[in-house]
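Shown below: target_21.cif, with mmCIF, C-alpha atoms.
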```cif
data_model
loop_
_atom_site.group_PDB
_atom_site.id
_atom_site.type_symbol
_atom_site.label_atom_id
_atom_site.label_comp_id
_atom_site.auth_asym_id
_atom_site.auth_seq_id
_atom_site.Cartn_x
_atom_site.Cartn_y
_atom_site.Cartn_z
ATOM 1 C CA MET A 1 -3.587 -6.121 -16.909
ATOM 2 C CA PHE A 2 -1.276 -6.747 -13.927
ATOM 3 C CA SER A 3 -0.118 -10.096 -12.606
ATOM 4 C CA HIS A 4 1.345 -8.635 -9.404
ATOM 5 C CA VAL A 5 2.960 -5.627 -7.768
ATOM 6 C CA MET A 6 6.304 -5.968 -5.972
ATOM 7 C CA ILE A 7 8.137 -3.277 -4.038
ATOM 8 C CA GLY A 8 11.457 -3.218 -2.238
ATOM 9 C CA THR A 9 12.241 -2.752 1.418
ATOM 10 C CA ASN A 10 15.350 -2.554 3.570
ATOM 11 C CA ASP A 11 13.553 -3.988 6.619
ATOM 12 C CA LEU A 12 11.292 -6.992 5.996
ATOM 13 C CA GLU A 13 10.000 -7.148 9.582
ATOM 14 C CA LYS A 14 8.988 -3.476 9.613
ATOM 15 C CA ALA A 15 7.441 -3.794 6.135
ATOM 16 C CA LYS A 16 5.493 -6.916 7.146
ATOM 17 C CA ALA A 17 4.120 -5.204 10.254
ATOM 18 C CA PHE A 18 3.084 -2.172 8.171
ATOM 19 C CA TYR A 19 1.447 -4.146 5.349
ATOM 20 C CA ASP A 20 -0.178 -6.666 7.690
ATOM 21 C CA ALA A 21 -1.875 -3.662 9.344
ATOM 22 C CA THR A 22 -2.811 -1.680 6.229
ATOM 23 C CA LEU A 23 -3.805 -4.587 4.009
ATOM 24 C CA GLY A 24 -5.569 -6.191 6.971
ATOM 25 C CA ALA A 25 -7.755 -3.070 7.161
ATOM 26 C CA LEU A 26 -8.759 -3.859 3.551
ATOM 27 C CA GLY A 27 -9.624 -7.469 4.430
ATOM 28 C CA ALA A 28 -6.378 -9.221 3.467
ATOM 29 C CA LYS A 29 -4.786 -11.930 5.580
ATOM 30 C CA PRO A 30 -1.291 -11.372 7.052
ATOM 31 C CA GLY A 31 1.563 -11.770 4.615
ATOM 32 C CA VAL A 32 3.436 -15.039 4.268
ATOM 33 C CA MET A 33 7.223 -15.001 4.511
ATOM 34 C CA ASN A 34 8.864 -16.641 1.496
ATOM 35 C CA GLY A 35 12.616 -16.304 1.904
ATOM 36 C CA GLU A 36 13.492 -12.630 1.534
ATOM 37 C CA ARG A 37 9.915 -11.741 0.488
ATOM 38 C CA VAL A 38 6.530 -11.192 2.095
ATOM 39 C CA VAL A 39 3.628 -12.331 -0.089
ATOM 40 C CA TYR A 40 0.032 -11.079 0.178
ATOM 41 C CA MET A 41 -2.830 -12.680 -1.773
ATOM 42 C CA HIS A 42 -6.233 -10.990 -1.688
ATOM 43 C CA GLY A 43 -9.128 -10.764 -4.105
ATOM 44 C CA GLY A 44 -7.227 -12.670 -6.782
ATOM 45 C CA ASN A 45 -4.300 -10.221 -6.606
ATOM 46 C CA LEU A 46 -0.687 -10.564 -5.500
ATOM 47 C CA PHE A 47 1.314 -7.910 -3.644
ATOM 48 C CA LEU A 48 4.888 -8.678 -2.650
ATOM 49 C CA VAL A 49 7.513 -6.877 -0.568
ATOM 50 C CA THR A 50 11.123 -7.937 -1.044
ATOM 51 C CA LYS A 51 14.699 -7.132 -0.263
ATOM 52 C CA PRO A 52 16.320 -6.249 -3.595
ATOM 53 C CA ILE A 53 17.934 -9.336 -5.110
ATOM 54 C CA ASN A 54 20.892 -7.291 -6.377
ATOM 55 C CA GLY A 55 21.945 -6.512 -2.787
ATOM 56 C CA GLU A 56 21.585 -2.746 -3.282
ATOM 57 C CA PRO A 57 19.415 -0.708 -0.883
ATOM 58 C CA ALA A 58 15.714 -0.435 -1.706
ATOM 59 C CA CYS A 59 14.411 3.008 -2.641
ATOM 60 C CA SER A 60 10.981 4.426 -3.386
ATOM 61 C CA ALA A 61 9.833 5.302 -6.897
ATOM 62 C CA ASN A 62 9.955 9.030 -7.593
ATOM 63 C CA GLY A 63 6.546 9.843 -9.083
ATOM 64 C CA GLY A 64 5.174 6.352 -8.465
ATOM 65 C CA THR A 65 2.051 5.536 -6.457
ATOM 66 C CA ILE A 66 0.577 2.147 -5.605
ATOM 67 C CA GLY A 67 -3.200 2.265 -5.238
ATOM 68 C CA PHE A 68 -5.255 -0.138 -3.128
ATOM 69 C CA ALA A 69 -9.010 -0.508 -3.647
ATOM 70 C CA ALA A 70 -11.184 0.318 -0.642
ATOM 71 C CA ALA A 71 -14.799 -0.839 -0.405
ATOM 72 C CA SER A 72 -15.901 2.376 1.324
ATOM 73 C CA PRO A 73 -14.601 5.694 2.655
ATOM 74 C CA GLU A 74 -14.642 4.128 6.124
ATOM 75 C CA GLN A 75 -12.386 1.299 4.935
ATOM 76 C CA ALA A 76 -9.994 3.829 3.372
ATOM 77 C CA ASP A 77 -9.929 5.708 6.687
ATOM 78 C CA ALA A 78 -9.227 2.453 8.571
ATOM 79 C CA TRP A 79 -6.406 1.680 6.113
ATOM 80 C CA HIS A 80 -4.931 5.148 6.644
ATOM 81 C CA ALA A 81 -5.172 4.957 10.444
ATOM 82 C CA ALA A 82 -3.640 1.465 10.487
ATOM 83 C CA GLY A 83 -0.777 2.697 8.323
ATOM 84 C CA VAL A 84 0.019 5.681 10.537
ATOM 85 C CA ALA A 85 -0.145 3.461 13.641
ATOM 86 C CA ALA A 86 2.219 0.953 11.983
ATOM 87 C CA GLY A 87 4.939 3.484 11.152
ATOM 88 C CA GLY A 88 3.678 5.054 7.933
ATOM 89 C CA THR A 89 3.471 8.777 7.271
ATOM 90 C CA SER A 90 0.318 10.615 6.217
ATOM 91 C CA ILE A 91 1.013 12.699 3.112
ATOM 92 C CA GLU A 92 -0.760 15.156 0.828
ATOM 93 C CA ASN A 93 -4.233 16.228 1.909
ATOM 94 C CA PRO A 94 -6.127 14.461 4.709
ATOM 95 C CA PRO A 95 -8.254 11.542 3.504
ATOM 96 C CA GLY A 96 -11.355 12.774 1.700
ATOM 97 C CA VAL A 97 -13.364 13.187 -1.478
ATOM 98 C CA ARG A 98 -11.646 14.649 -4.519
ATOM 99 C CA ASP A 99 -13.168 15.500 -7.881
ATOM 100 C CA GLY A 100 -11.342 13.923 -10.779
ATOM 101 C CA SER A 101 -11.798 13.299 -14.467
ATOM 102 C CA PHE A 102 -13.310 9.900 -13.577
ATOM 103 C CA GLY A 103 -15.796 11.315 -11.058
ATOM 104 C CA GLN A 104 -15.568 11.661 -7.297
ATOM 105 C CA LEU A 105 -12.964 9.577 -5.526
ATOM 106 C CA TYR A 106 -12.327 9.099 -1.821
ATOM 107 C CA LEU A 107 -8.526 9.093 -1.455
ATOM 108 C CA ALA A 108 -6.159 8.504 1.458
ATOM 109 C CA TYR A 109 -2.377 8.755 0.986
ATOM 110 C CA LEU A 110 0.556 7.356 2.973
ATOM 111 C CA ARG A 111 4.241 6.669 2.647
ATOM 112 C CA ASP A 112 5.293 3.273 3.976
ATOM 113 C CA PRO A 113 8.343 2.978 6.276
ATOM 114 C CA CYS A 114 10.608 2.618 3.197
ATOM 115 C CA GLY A 115 9.178 5.742 1.529
ATOM 116 C CA ASN A 116 6.884 4.143 -1.071
ATOM 117 C CA LYS A 117 3.852 6.295 -1.897
ATOM 118 C CA LEU A 118 0.534 4.489 -1.362
ATOM 119 C CA CYS A 119 -3.112 5.368 -1.821
ATOM 120 C CA ALA A 120 -6.373 3.791 -0.718
ATOM 121 C CA MET A 121 -9.100 4.714 -3.187
ATOM 122 C CA HIS A 122 -12.868 4.316 -3.179
ATOM 123 C CA ARG A 123 -14.922 5.353 -6.202
ATOM 124 C CA MET A 124 -17.918 7.282 -4.913
ATOM 125 C CA GLY A 125 -21.325 6.090 -6.163
#
```

As structure tokens - that is how I would like this structure written.
Amino acid sequence: MFSHVMIGTNDLEKAKAFYDATLGALGAKPGVMNGERVVYMHGGNLFLVTKPINGEPACSANGGTIGFAAASPEQADAWHAAGVAAGGTSIENPPGVRDGSFGQLYLAYLRDPCGNKLCAMHRMG
């Protein structure tokens, strides 16, 4: 359904350090700088971080969440810890299992340094 996900940042270096750490915990290689963008390719997917091309400041989406697939609860925990260590903020409940309409999910939530809401999710067997 999706070709890629792109979010804005006001500080490419800080964003790259954060996403290198968090996406690295999920098995992705460090991002590649491409002008005013950082590009991540992993598992056939593209995730990009960019300075807004209109020159206006980047802002987070109110009500938006970007979810990253984790292979296990331990990988979600590693993602969360890497994010906090790289300048992210832990939000909502601590990482853990939640019951949802699609079964049990292991969820970990962060805000990146620019305020974007992120989640690492593992579907429990």

Proximity to A:Tyr19 - best of A:Ala58, A:Leu107, A:Ala85, A:Val97, only C-alpha atoms |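 Of A:Ala58, A:Leu107, A:Ala85, A:Val97, the one nearest A:Tyr19 is A:Ala85, counting only C-alpha atoms.
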
Pick from A:Val32, A:Arg123, A:Ala70, A:Leu26 nearest to A:Ser101, counting only C-alpha atoms =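 Selected residue with least distance to A:Ser101: A:Arg123.
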
Rounded to one decimal in Å, what is the spacing between atom CA of A:Ala81 and atom CA of A:Met6?
-> 22.8 Å

Kindly indicate which residue among A:Met33, A:Ala108, A:Met1, A:Met124 lies nearest to A:Ala78, using all atoms listed in the file for the distances.
-> A:Ala108

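With atom CA of A:Asn116 on one side and atom CA of A:Gly27 on the other, the separation reads 20.9 Å.
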
With only C-alpha atoms as the atoms that count, which of A:Gly103, A:Asn10, A:Leu23, A:Cys59 lies nearest to A:Gly43?
->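 Answer, going by the shortest atom-to-atom distance: A:Leu23.
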
Using all atoms listed in the file, pick whichever of A:Leu105, A:Gly8, A:Pro73, A:Leu118 has the shortest atom-to-atom distance to A:Glu92.
->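 Smallest separation from A:Glu92 among the options: A:Leu118.
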
At what distance in Å, to one decimal, does atom CA of A:Ala69 lie from atom CA of A:Asn45?
-> 11.2 Å

Starting from the displayed file, determine the output of the PyMOL selection byres ((chain A and resi 86) around 7) and express the residue list as a ChimeraX atom specification.
-> /A:17-18,21,82-85,87-88

Draw an axis-aligned box tight on the listed atoms of stretch 41-57 of chain A, then pad every side by 6 Å and write out centre and edge lengths in Å to one decimal as AutoDock Vina command-line options.
```
--center_x 6.4 --center_y -6.7 --center_z -3.5 --size_x 43.1 --size_y 24.0 --size_z 18.5
```

With only C-alpha atoms as the atoms that count, which of A:Pro113, A:Arg37, A:Gly100, A:Phe2 lies nearest to A:Ile53?
->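 So, comparing all the options, the nearest one is A:Arg37.
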
Apply the PyMOL selection byres ((chain A and resi 39) around 12) to the structure shown and report the selected residues as an MDAnalysis selection string.
-> chainID A and resid 4:7 12 15:16 19:20 23 28:38 40:42 45:50

Taking (5.4, 6.6, 2.5) in the file's coordinates, which residues come within 9 Å, counting all atoms listed in the file, written as a PyMOL selection string?
-> chain A and resi 60+88-91+109-118
